[in-house]
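Asker: This is structure21.pdb, which holds PDB, C-alpha atoms:
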```
MODEL        1
ATOM      1  CA  MET A  22      61.868  71.566 -24.232
ATOM      2  CA  VAL A  23      59.666  72.380 -21.247
ATOM      3  CA  ARG A  24      55.985  71.926 -21.936
ATOM      4  CA  ARG A  25      53.969  75.039 -21.129
ATOM      5  CA  ALA A  26      51.282  74.521 -18.522
ATOM      6  CA  GLY A  27      47.674  75.340 -19.292
ATOM      7  CA  PRO A  28      46.175  78.737 -18.498
ATOM      8  CA  SER A  29      46.065  79.659 -14.830
ATOM      9  CA  LEU A  30      43.496  81.442 -12.722
ATOM     10  CA  ARG A  31      45.655  84.558 -12.981
ATOM     11  CA  ASP A  32      45.597  84.312 -16.790
ATOM     12  CA  VAL A  33      41.798  84.272 -16.732
ATOM     13  CA  ALA A  34      41.724  87.248 -14.356
ATOM     14  CA  GLU A  35      44.058  89.302 -16.584
ATOM     15  CA  CYS A  36      42.068  88.415 -19.710
ATOM     16  CA  ALA A  37      38.787  89.422 -18.063
ATOM     17  CA  GLY A  38      40.232  92.503 -16.370
ATOM     18  CA  VAL A  39      39.249  91.386 -12.871
ATOM     19  CA  SER A  40      40.945  90.025  -9.746
ATOM     20  CA  THR A  41      41.711  86.369  -9.188
ATOM     21  CA  ALA A  42      39.254  86.471  -6.268
ATOM     22  CA  THR A  43      36.464  87.520  -8.651
ATOM     23  CA  VAL A  44      37.277  84.606 -10.981
ATOM     24  CA  SER A  45      37.119  82.286  -7.977
ATOM     25  CA  PHE A  46      33.729  83.730  -6.970
ATOM     26  CA  VAL A  47      32.390  82.985 -10.467
ATOM     27  CA  LEU A  48      33.840  79.480 -10.621
ATOM     28  CA  ASN A  49      32.621  78.450  -7.194
ATOM     29  CA  ASP A  50      29.504  80.632  -7.043
ATOM     30  CA  THR A  51      30.501  81.688  -3.523
ATOM     31  CA  LYS A  52      29.761  85.440  -3.703
ATOM     32  CA  PRO A  53      27.482  87.658  -5.829
ATOM     33  CA  VAL A  54      29.054  88.945  -9.041
ATOM     34  CA  SER A  55      27.385  91.350 -11.471
ATOM     35  CA  ALA A  56      26.017  89.892 -14.689
ATOM     36  CA  GLU A  57      28.423  91.963 -16.783
ATOM     37  CA  THR A  58      31.475  90.848 -14.789
ATOM     38  CA  ARG A  59      30.340  87.205 -14.792
ATOM     39  CA  ALA A  60      29.946  87.340 -18.585
ATOM     40  CA  ARG A  61      33.525  88.709 -18.998
ATOM     41  CA  VAL A  62      34.952  85.983 -16.774
ATOM     42  CA  GLU A  63      33.022  83.212 -18.539
ATOM     43  CA  GLN A  64      34.157  84.567 -21.931
ATOM     44  CA  ALA A  65      37.790  84.580 -20.767
ATOM     45  CA  ILE A  66      37.442  81.005 -19.492
ATOM     46  CA  SER A  67      36.074  79.932 -22.877
ATOM     47  CA  GLU A  68      38.696  81.802 -24.918
ATOM     48  CA  LEU A  69      41.590  80.443 -22.868
ATOM     49  CA  ASN A  70      40.060  76.955 -22.569
ATOM     50  CA  TYR A  71      40.718  77.136 -18.826
ATOM     51  CA  ARG A  72      40.203  73.947 -16.798
ATOM     52  CA  ARG A  73      40.207  73.851 -13.014
ATOM     53  CA  SER A  74      42.634  71.459 -11.367
ATOM     54  CA  PRO A  75      40.680  68.721  -9.532
ATOM     55  CA  LEU A  76      43.593  68.305  -7.091
ATOM     56  CA  ALA A  77      43.750  72.014  -6.302
ATOM     57  CA  ARG A  78      39.993  72.153  -5.813
ATOM     58  CA  ALA A  79      40.100  69.128  -3.500
ATOM     59  CA  LEU A  80      42.894  70.689  -1.423
ATOM     60  CA  ARG A  81      40.967  73.956  -1.170
ATOM     61  CA  THR A  82      37.488  72.586  -0.456
ATOM     62  CA  GLY A  83      38.182  69.160   1.043
ATOM     63  CA  ARG A  84      35.841  67.675  -1.591
ATOM     64  CA  HIS A  85      36.838  65.531  -4.577
ATOM     65  CA  HIS A  86      33.442  65.534  -6.319
ATOM     66  CA  ALA A  87      33.981  61.850  -7.008
ATOM     67  CA  VAL A  88      32.352  58.653  -5.760
ATOM     68  CA  GLY A  89      34.111  55.321  -5.332
ATOM     69  CA  LEU A  90      32.458  52.064  -6.380
ATOM     70  CA  LEU A  91      34.090  48.904  -5.045
ATOM     71  CA  LEU A  92      32.911  45.744  -6.829
ATOM     72  CA  PRO A  93      33.689  42.063  -6.303
ATOM     73  CA  ASP A  94      33.603  41.141  -9.980
ATOM     74  CA  LEU A  95      33.545  42.659 -13.471
ATOM     75  CA  ALA A  96      33.146  39.386 -15.387
ATOM     76  CA  ASN A  97      29.562  38.864 -14.234
ATOM     77  CA  PRO A  98      27.420  41.081 -16.526
ATOM     78  CA  PHE A  99      25.220  42.125 -13.593
ATOM     79  CA  PHE A 100      27.967  44.236 -12.025
ATOM     80  CA  PRO A 101      28.905  46.330 -15.103
ATOM     81  CA  ALA A 102      25.191  47.064 -15.539
ATOM     82  CA  LEU A 103      24.973  48.151 -11.911
ATOM     83  CA  ALA A 104      28.157  50.212 -12.294
ATOM     84  CA  GLN A 105      26.586  51.986 -15.280
ATOM     85  CA  ALA A 106      23.498  52.814 -13.218
ATOM     86  CA  VAL A 107      25.662  54.196 -10.399
ATOM     87  CA  THR A 108      27.754  56.199 -12.889
ATOM     88  CA  GLU A 109      24.706  57.870 -14.416
ATOM     89  CA  ALA A 110      23.248  58.715 -11.005
ATOM     90  CA  ALA A 111      26.592  60.091  -9.808
ATOM     91  CA  TRP A 112      26.927  62.331 -12.875
ATOM     92  CA  ARG A 113      23.465  63.755 -12.218
ATOM     93  CA  TRP A 114      24.733  64.609  -8.723
ATOM     94  CA  GLY A 115      27.781  66.291 -10.247
ATOM     95  CA  HIS A 116      30.261  63.580  -9.245
ATOM     96  CA  ALA A 117      32.592  61.394 -11.280
ATOM     97  CA  LEU A 118      32.969  57.682 -10.549
ATOM     98  CA  ILE A 119      36.176  55.839  -9.636
ATOM     99  CA  LEU A 120      35.806  52.076 -10.018
ATOM    100  CA  ALA A 121      37.734  49.306  -8.295
ATOM    101  CA  SER A 122      37.344  45.520  -8.296
ATOM    102  CA  ALA A 123      38.949  43.224  -5.725
ATOM    103  CA  GLY A 124      37.268  39.831  -6.174
ATOM    104  CA  ASP A 125      36.720  37.845  -2.998
ATOM    105  CA  ASP A 126      40.199  38.603  -1.608
ATOM    106  CA  ALA A 127      39.731  40.323   1.764
ATOM    107  CA  LYS A 128      43.230  41.837   1.748
ATOM    108  CA  ALA A 129      42.871  43.241  -1.772
ATOM    109  CA  GLU A 130      39.408  44.537  -0.939
ATOM    110  CA  GLY A 131      40.728  46.357   2.134
ATOM    111  CA  GLU A 132      43.604  47.882   0.171
ATOM    112  CA  ALA A 133      41.247  49.031  -2.583
ATOM    113  CA  MET A 134      38.931  50.587  -0.015
ATOM    114  CA  MET A 135      41.750  52.595   1.571
ATOM    115  CA  ALA A 136      43.057  53.719  -1.825
ATOM    116  CA  LEU A 137      39.594  54.924  -2.818
ATOM    117  CA  SER A 138      39.204  56.744   0.509
ATOM    118  CA  GLU A 139      42.039  59.097  -0.488
ATOM    119  CA  ARG A 140      40.396  60.077  -3.773
ATOM    120  CA  VAL A 141      36.630  60.226  -3.230
ATOM    121  CA  ASP A 142      33.998  61.850  -1.036
ATOM    122  CA  GLY A 143      32.263  58.544  -0.318
ATOM    123  CA  ILE A 144      32.229  54.869  -1.275
ATOM    124  CA  ILE A 145      29.513  52.536  -2.549
ATOM    125  CA  TRP A 146      30.611  49.031  -1.624
ATOM    126  CA  ILE A 147      29.367  45.693  -2.937
ATOM    127  CA  PRO A 148      31.168  43.289  -0.567
ATOM    128  CA  GLY A 149      33.113  40.496  -2.175
ATOM    129  CA  SER A 150      34.419  38.922   1.020
ATOM    130  CA  SER A 151      32.790  38.498   4.409
ATOM    131  CA  LYS A 152      36.276  38.608   5.963
ATOM    132  CA  THR A 153      37.127  42.200   5.026
ATOM    133  CA  THR A 154      37.595  44.174   8.243
ATOM    134  CA  VAL A 155      39.056  47.399   6.858
ATOM    135  CA  ARG A 156      36.643  50.329   6.906
ATOM    136  CA  PRO A 157      37.054  53.538   4.889
ATOM    137  CA  THR A 158      37.768  56.975   6.331
ATOM    138  CA  VAL A 159      34.977  58.498   4.224
ATOM    139  CA  PRO A 160      31.199  57.884   4.275
ATOM    140  CA  MET A 161      30.142  54.509   2.839
ATOM    141  CA  VAL A 162      26.974  52.688   1.846
ATOM    142  CA  VAL A 163      26.603  48.945   1.200
ATOM    143  CA  LEU A 164      24.942  47.944  -2.074
ATOM    144  CA  ASP A 165      23.354  44.606  -3.030
ATOM    145  CA  ARG A 166      24.868  42.543  -0.203
ATOM    146  CA  PRO A 167      23.823  43.886   3.213
ATOM    147  CA  SER A 168      24.476  41.731   6.260
ATOM    148  CA  SER A 169      24.120  41.858  10.036
ATOM    149  CA  GLN A 170      27.871  42.511  10.299
ATOM    150  CA  LEU A 171      27.435  45.679   8.226
ATOM    151  CA  ALA A 172      24.206  46.909   9.825
ATOM    152  CA  ALA A 173      25.922  50.089  11.053
ATOM    153  CA  PHE A 174      26.177  51.268   7.427
ATOM    154  CA  ASP A 175      23.413  52.449   5.104
ATOM    155  CA  SER A 176      22.382  49.667   2.745
ATOM    156  CA  ILE A 177      20.509  49.306  -0.519
ATOM    157  CA  SER A 178      19.428  45.930  -1.816
ATOM    158  CA  ALA A 179      16.821  44.154  -3.876
ATOM    159  CA  ASP A 180      14.504  41.937  -1.844
ATOM    160  CA  HIS A 181      16.452  38.731  -2.469
ATOM    161  CA  HIS A 182      14.371  36.678  -0.039
ATOM    162  CA  ALA A 183      11.215  37.590  -1.949
ATOM    163  CA  GLY A 184      12.988  36.830  -5.237
ATOM    164  CA  GLY A 185      13.918  33.340  -4.115
ATOM    165  CA  ALA A 186      10.370  32.755  -2.891
ATOM    166  CA  ALA A 187       8.950  33.908  -6.247
ATOM    167  CA  ALA A 188      11.120  31.380  -8.106
ATOM    168  CA  ALA A 189       9.935  28.554  -5.831
ATOM    169  CA  ALA A 190       6.295  29.601  -6.165
ATOM    170  CA  LEU A 191       6.561  29.521  -9.966
ATOM    171  CA  LEU A 192       8.084  26.034 -10.067
ATOM    172  CA  ARG A 193       5.502  24.760  -7.597
ATOM    173  CA  LYS A 194       2.705  26.259  -9.705
ATOM    174  CA  LEU A 195       4.134  24.511 -12.766
ATOM    175  CA  GLY A 196       3.967  21.159 -10.966
ATOM    176  CA  ARG A 197       7.684  20.506 -10.500
ATOM    177  CA  ARG A 198       8.402  17.853  -7.872
ATOM    178  CA  LYS A 199      12.162  17.163  -8.103
ATOM    179  CA  ILE A 200      13.957  20.490  -8.017
ATOM    180  CA  GLY A 201      17.667  21.271  -7.883
ATOM    181  CA  LEU A 202      18.972  24.436  -6.209
ATOM    182  CA  LEU A 203      22.260  26.101  -7.193
ATOM    183  CA  THR A 204      22.709  28.398  -4.222
ATOM    184  CA  GLY A 205      25.682  30.607  -5.029
ATOM    185  CA  PRO A 206      28.640  31.186  -2.670
ATOM    186  CA  GLY A 207      27.952  30.388   0.959
ATOM    187  CA  ASP A 208      29.601  33.611   2.179
ATOM    188  CA  SER A 209      27.487  35.836  -0.092
ATOM    189  CA  ALA A 210      24.694  37.513   1.883
ATOM    190  CA  SER A 211      22.555  37.992  -1.230
ATOM    191  CA  ALA A 212      22.980  34.353  -2.312
ATOM    192  CA  CYS A 213      22.021  33.121   1.152
ATOM    193  CA  SER A 214      18.932  35.340   1.180
ATOM    194  CA  ARG A 215      17.816  33.987  -2.213
ATOM    195  CA  ARG A 216      18.369  30.440  -0.997
ATOM    196  CA  ASP A 217      16.438  31.029   2.223
ATOM    197  CA  GLY A 218      13.495  32.599   0.387
ATOM    198  CA  PHE A 219      13.389  29.702  -2.064
ATOM    199  CA  LEU A 220      13.470  27.054   0.657
ATOM    200  CA  ALA A 221      10.867  28.865   2.758
ATOM    201  CA  GLU A 222       8.395  28.761  -0.140
ATOM    202  CA  LEU A 223       9.191  25.248  -1.382
ATOM    203  CA  ASN A 224       7.828  22.009   0.027
ATOM    204  CA  VAL A 225      10.899  20.285   1.453
ATOM    205  CA  ASP A 226       9.849  17.021  -0.220
ATOM    206  CA  ASN A 227      10.239  18.682  -3.620
ATOM    207  CA  LEU A 228      13.909  19.586  -3.115
ATOM    208  CA  LEU A 229      15.986  16.938  -4.852
ATOM    209  CA  TRP A 230      19.319  18.547  -4.021
ATOM    210  CA  GLN A 231      21.078  21.838  -3.330
ATOM    211  CA  CYS A 232      24.633  22.713  -4.285
ATOM    212  CA  GLU A 233      26.847  25.681  -3.459
ATOM    213  CA  ALA A 234      28.617  27.104  -6.514
ATOM    214  CA  PRO A 235      30.345  30.357  -7.541
ATOM    215  CA  PHE A 236      28.561  32.972  -9.644
ATOM    216  CA  THR A 237      30.289  31.782 -12.838
ATOM    217  CA  LEU A 238      29.500  29.941 -16.059
ATOM    218  CA  ASP A 239      31.816  27.087 -15.161
ATOM    219  CA  LEU A 240      30.001  25.005 -12.570
ATOM    220  CA  PRO A 241      31.923  22.711 -10.202
ATOM    221  CA  LYS A 242      32.048  18.989 -10.982
ATOM    222  CA  ARG A 243      29.664  18.197  -8.135
ATOM    223  CA  ALA A 244      27.014  20.481  -9.667
ATOM    224  CA  ALA A 245      27.433  18.830 -13.078
ATOM    225  CA  LYS A 246      26.998  15.410 -11.479
ATOM    226  CA  LEU A 247      23.811  16.514  -9.701
ATOM    227  CA  LEU A 248      22.400  17.972 -12.916
ATOM    228  CA  ALA A 249      22.751  14.502 -14.454
ATOM    229  CA  ASP A 250      20.181  13.044 -12.026
ATOM    230  CA  PRO A 251      17.409  11.624 -14.276
ATOM    231  CA  ALA A 252      14.780  12.501 -11.651
ATOM    232  CA  LEU A 253      15.539  16.215 -11.943
ATOM    233  CA  ASP A 254      12.649  18.223 -13.433
ATOM    234  CA  ALA A 255      13.585  21.844 -12.552
ATOM    235  CA  VAL A 256      16.537  23.982 -11.462
ATOM    236  CA  PHE A 257      16.716  27.348  -9.718
ATOM    237  CA  ALA A 258      20.094  29.040  -9.981
ATOM    238  CA  ALA A 259      20.887  32.022  -7.749
ATOM    239  CA  SER A 260      22.266  34.009 -10.704
ATOM    240  CA  ASP A 261      21.665  34.103 -14.448
ATOM    241  CA  VAL A 262      25.318  33.336 -15.138
ATOM    242  CA  MET A 263      25.015  30.116 -13.118
ATOM    243  CA  ALA A 264      21.717  29.314 -14.841
ATOM    244  CA  ILE A 265      23.344  29.677 -18.271
ATOM    245  CA  GLY A 266      26.158  27.409 -17.073
ATOM    246  CA  ALA A 267      23.523  24.904 -15.970
ATOM    247  CA  LEU A 268      21.790  25.188 -19.350
ATOM    248  CA  ARG A 269      25.058  24.370 -21.109
ATOM    249  CA  THR A 270      25.647  21.356 -18.853
ATOM    250  CA  LEU A 271      22.101  20.064 -19.305
ATOM    251  CA  ARG A 272      22.500  20.242 -23.077
ATOM    252  CA  GLU A 273      25.761  18.312 -22.880
ATOM    253  CA  LEU A 274      23.887  15.669 -20.877
ATOM    254  CA  GLY A 275      21.195  15.450 -23.543
ATOM    255  CA  ARG A 276      18.494  16.954 -21.300
ATOM    256  CA  ASP A 277      15.930  19.201 -22.975
ATOM    257  CA  VAL A 278      15.088  22.617 -21.486
ATOM    258  CA  PRO A 279      12.205  23.157 -20.961
ATOM    259  CA  GLY A 280      10.890  19.833 -22.271
ATOM    260  CA  GLU A 281      12.438  17.761 -19.466
ATOM    261  CA  VAL A 282      13.888  20.320 -17.073
ATOM    262  CA  LEU A 283      12.588  23.815 -16.298
ATOM    263  CA  LEU A 284      15.203  26.463 -15.515
ATOM    264  CA  VAL A 285      14.995  29.745 -13.549
ATOM    265  CA  GLY A 286      17.804  32.257 -13.007
ATOM    266  CA  TYR A 287      18.246  35.485 -11.093
ATOM    267  CA  ASP A 288      19.241  39.082 -12.043
ATOM    268  CA  ASP A 289      17.882  39.410 -15.622
ATOM    269  CA  ILE A 290      21.223  40.241 -17.218
ATOM    270  CA  PRO A 291      21.147  40.955 -20.992
ATOM    271  CA  TRP A 292      22.309  37.388 -21.720
ATOM    272  CA  ALA A 293      19.075  36.034 -20.220
ATOM    273  CA  SER A 294      17.068  37.048 -23.282
ATOM    274  CA  LEU A 295      19.804  36.107 -25.766
ATOM    275  CA  VAL A 296      20.292  32.426 -24.907
ATOM    276  CA  GLU A 297      18.090  29.698 -26.372
ATOM    277  CA  PRO A 298      15.703  29.064 -24.786
ATOM    278  CA  GLN A 299      15.344  32.527 -23.313
ATOM    279  CA  LEU A 300      15.772  32.395 -19.564
ATOM    280  CA  THR A 301      13.012  32.856 -17.004
ATOM    281  CA  THR A 302      14.523  34.930 -14.220
ATOM    282  CA  ILE A 303      14.029  37.224 -11.254
ATOM    283  CA  ARG A 304      14.701  40.795 -12.371
ATOM    284  CA  GLN A 305      16.631  43.129 -10.114
ATOM    285  CA  PRO A 306      15.757  46.866 -10.429
ATOM    286  CA  VAL A 307      19.268  47.844 -11.512
ATOM    287  CA  THR A 308      18.584  51.500 -12.362
ATOM    288  CA  ALA A 309      16.699  52.068  -9.113
ATOM    289  CA  LEU A 310      19.477  50.360  -7.122
ATOM    290  CA  GLY A 311      22.106  52.672  -8.603
ATOM    291  CA  GLU A 312      19.995  55.777  -8.075
ATOM    292  CA  CYS A 313      19.144  54.854  -4.487
ATOM    293  CA  ALA A 314      22.790  54.076  -3.677
ATOM    294  CA  VAL A 315      23.969  57.483  -4.864
ATOM    295  CA  THR A 316      21.179  59.477  -3.189
ATOM    296  CA  THR A 317      21.729  57.563   0.062
ATOM    297  CA  LEU A 318      25.462  58.274  -0.081
ATOM    298  CA  ALA A 319      24.779  61.965  -0.766
ATOM    299  CA  SER A 320      22.510  62.045   2.276
ATOM    300  CA  ARG A 321      25.175  60.352   4.394
ATOM    301  CA  ILE A 322      27.826  62.863   3.292
ATOM    302  CA  ALA A 323      25.487  65.748   4.108
ATOM    303  CA  ASP A 324      24.561  64.318   7.516
ATOM    304  CA  PRO A 325      27.234  61.899   8.795
ATOM    305  CA  GLU A 326      25.568  61.466  12.203
ATOM    306  CA  ARG A 327      22.101  60.359  11.127
ATOM    307  CA  PRO A 328      20.994  56.760  11.893
ATOM    308  CA  PRO A 329      21.689  54.171   9.158
ATOM    309  CA  ALA A 330      18.992  53.729   6.522
ATOM    310  CA  HIS A 331      18.226  50.344   4.976
ATOM    311  CA  HIS A 332      16.409  50.297   1.631
ATOM    312  CA  LEU A 333      14.834  47.108   0.239
ATOM    313  CA  LEU A 334      13.704  47.344  -3.395
ATOM    314  CA  GLN A 335      11.124  45.149  -5.063
ATOM    315  CA  VAL A 336      12.085  42.466  -7.590
ATOM    316  CA  SER A 337       9.924  41.038 -10.376
ATOM    317  CA  LEU A 338       9.467  37.663 -12.052
ATOM    318  CA  VAL A 339      10.095  37.548 -15.802
ATOM    319  CA  GLU A 340       8.725  34.378 -17.415
ATOM    320  CA  ARG A 341      10.354  33.255 -20.635
ATOM    321  CA  ALA A 342      10.792  30.078 -22.654
ATOM    322  CA  SER A 343      12.949  28.160 -20.163
ATOM    323  CA  THR A 344       9.834  27.495 -18.043
ATOM    324  CA  ALA A 345       7.310  27.295 -20.870
ATOM    325  CA  ILE A 346       5.280  24.076 -20.814
ATOM    326  CA  MET A 347       3.798  22.548 -24.000
ATOM    327  CA  GLY A 348       5.354  25.286 -26.134
ATOM    328  CA  SER A 349       3.467  28.164 -24.509
ATOM    329  CA  THR A 350       6.388  30.603 -24.732
ATOM    330  CA  ARG A 351       5.795  33.973 -23.178
ATOM    331  CA  ASP A 352       7.727  36.914 -21.777
ATOM    332  CA  ALA A 353       5.813  38.477 -18.946
ATOM    333  CA  SER A 354       6.779  40.470 -15.864
ATOM    334  CA  HIS A 355       4.948  40.106 -12.578
ATOM    335  CA  ARG A 356       5.290  42.308  -9.540
TER     336      ARG A 356
ENDMDL
END
```
In structure tokens, how does this file's structure come out?

Answerer:
Amino acid sequence: MVRRAGPSLRDVAECAGVSTATVSFVLNDTKPVSAETRARVEQAISELNYRRSPLARALRTGRHHAVGLLLPDLANPFFPALAQAVTEAAWRWGHALILASAGDDAKAEGEAMMALSERVDGIIWIPGSSKTTVRPTVPMVVLDRPSSQLAAFDSISADHHAGGAAAAALLRKLGRRKIGLLTGPGDSASACSRRDGFLAELNVDNLLWQCEAPFTLDLPKRAAKLLADPALDAVFAASDVMAIGALRTLRELGRDVPGEVLLVGYDDIPWASLVEPQLTTIRQPVTALGECAVTTLASRIADPERPPAHHLLQVSLVERASTAIMGSTRDASHR
């Protein structure tokens, strides 16, 4: 049995007693149509439950009314939160979102980028690999991880350098003298910026060690060994996920947080306020990042030849129990 297709544009026209061109004018709002005729067409669309074909519309207009979001990771809670912010902003613009994740594999990232290019009007890219050389055939903006190699593209990022500096300033204010630094991946532009901001603000004599590690809960053996240093009195981790991994390791070592070791993370993912003790962190403006990425992409699509724009958004320090001294637990945000 052959399944009957849904109602066509011609079906709507016959139901409304108008031409197919008139139905098209109503659907696309391309030419004036009288109120009475528009009402008949809209009633026919409702009665027949007519749905426009996205493929047919894309072939006719050259527009997909969809945005691509290419992420490096979906396991880290920061990225789903950012994807949600982008989704909501895209819907307000009248665009759907197509999501892809390629990890730190340059080949997979390039393939995902080209696949998205065939289905969307523009791409928002959070780079996972510094080795990806493929560039899309549609407008693109870089989100969260701008770099000098990608300076030709619009970019939107939190001020990671300032965030790292804020973490160092807090630990210095709290009198920490032997601080460990979990830097994040060395090829991550955002991780390097956080590291550089932290080191610029910190007295070099107060840095006990620094260790490169992935943005995951499971820290490498070298990091676990460094966390066991009895001289350690504070740790700054370049992501909340790493900080929670450090918290787990410190507990296994019998170290008390914050009694013996203060701990600061970065991102302010939902987990940060659910762990015990609650995690002091640098909050990224996730909603604003998503909104700015979409509006910047819309501007790029409208004007492909304009110079690249680079947006740097402010972060904030959120103090919680993991840096509380003498039991003075508090949850406060500072700009």

Asker: Distance atom CA of A:Thr317-atom CA of A:Pro235, one decimal place?

Answerer: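 The value is 29.5 Å.
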
Asker: Could you state which residues are captured by the PyMOL selection byres ((chain A and resi 121) around 7) in this file, as a PyMOL selection string?

Answerer: chain A and resi 90-92+119-120+122-123+133

Asker: May I ask which of the residues A:Leu203, A:Ala255, A:Val54, A:Leu247 is the closest one to A:Ala234, counting all atoms listed in the file?

Answerer: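 Smallest distance to A:Ala234 is found for A:Leu203.
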
Asker: Check which residues of stretch 142-218 of chain A sit at most 10 Å from stretch 282-291 of chain A using only C-alpha atoms, and return one row each with the closest pair of atoms and their distance in Å to one decimal, ordered by chain and rising number, as a Markdown table.

Answerer:
```
| residue | atom | partner | partner_atom | distance |
| --- | --- | --- | --- | --- |
| A:Ala179 | CA | A:Asp288 | CA | 9.9 |
| A:His181 | CA | A:Tyr287 | CA | 9.4 |
| A:Gly184 | CA | A:Tyr287 | CA | 8.0 |
| A:Gly185 | CA | A:Tyr287 | CA | 8.5 |
| A:Ala188 | CA | A:Val285 | CA | 6.9 |
| A:Ala189 | CA | A:Val285 | CA | 9.3 |
| A:Leu191 | CA | A:Val285 | CA | 9.2 |
| A:Leu192 | CA | A:Leu283 | CA | 8.0 |
| A:Leu195 | CA | A:Leu283 | CA | 9.2 |
| A:Arg197 | CA | A:Leu283 | CA | 8.3 |
| A:Lys199 | CA | A:Val282 | CA | 9.7 |
| A:Ile200 | CA | A:Leu283 | CA | 9.0 |
| A:Gly201 | CA | A:Leu284 | CA | 9.6 |
| A:Leu202 | CA | A:Val285 | CA | 9.9 |
| A:Leu203 | CA | A:Gly286 | CA | 9.6 |
| A:Arg215 | CA | A:Tyr287 | CA | 9.0 |
```

Asker: What is the distance, in Å and to one decimal place, between atom CA of A:Ala267 and atom CA of A:Ala245?

Answerer: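 Rounded to one decimal, the two atoms are 7.8 Å apart.
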
Asker: Written as a ChimeraX atom specification, which residues does the PyMOL selection byres ((chain A and resi 37-42) around 12) give for the file shown?

Answerer: /A:29-36,43-55,57-69

Asker: Out of A:Gly89, A:Gln105, A:Gly311, A:Leu171, which residue has the shortest atom-to-atom distance to A:Glu139 when counting only C-alpha atoms?

Answerer: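 Residue with the minimum atom-to-atom distance to A:Glu139: A:Gly89.
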
Asker: What does the distance from atom CA of A:Asp261 to atom CA of A:Asn224 come to in Å, to one decimal?

Answerer: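 Here the two named atoms are 23.4 Å from each other.
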
Asker: On this structure, which residues satisfy the PyMOL selection byres ((chain A and resi 208-214) around 9), written as number ranges by chain?

Answerer: A: 148-151, 165-168, 178-185, 204-207, 215-219, 259-260

Asker: Which residues come within 7 Å of A:Glu312, counting only C-alpha atoms, excluding same-chain residues fewer than 6 positions away, as a list in words?

Answerer: Ala106, Val107 and Ala110 of chain A
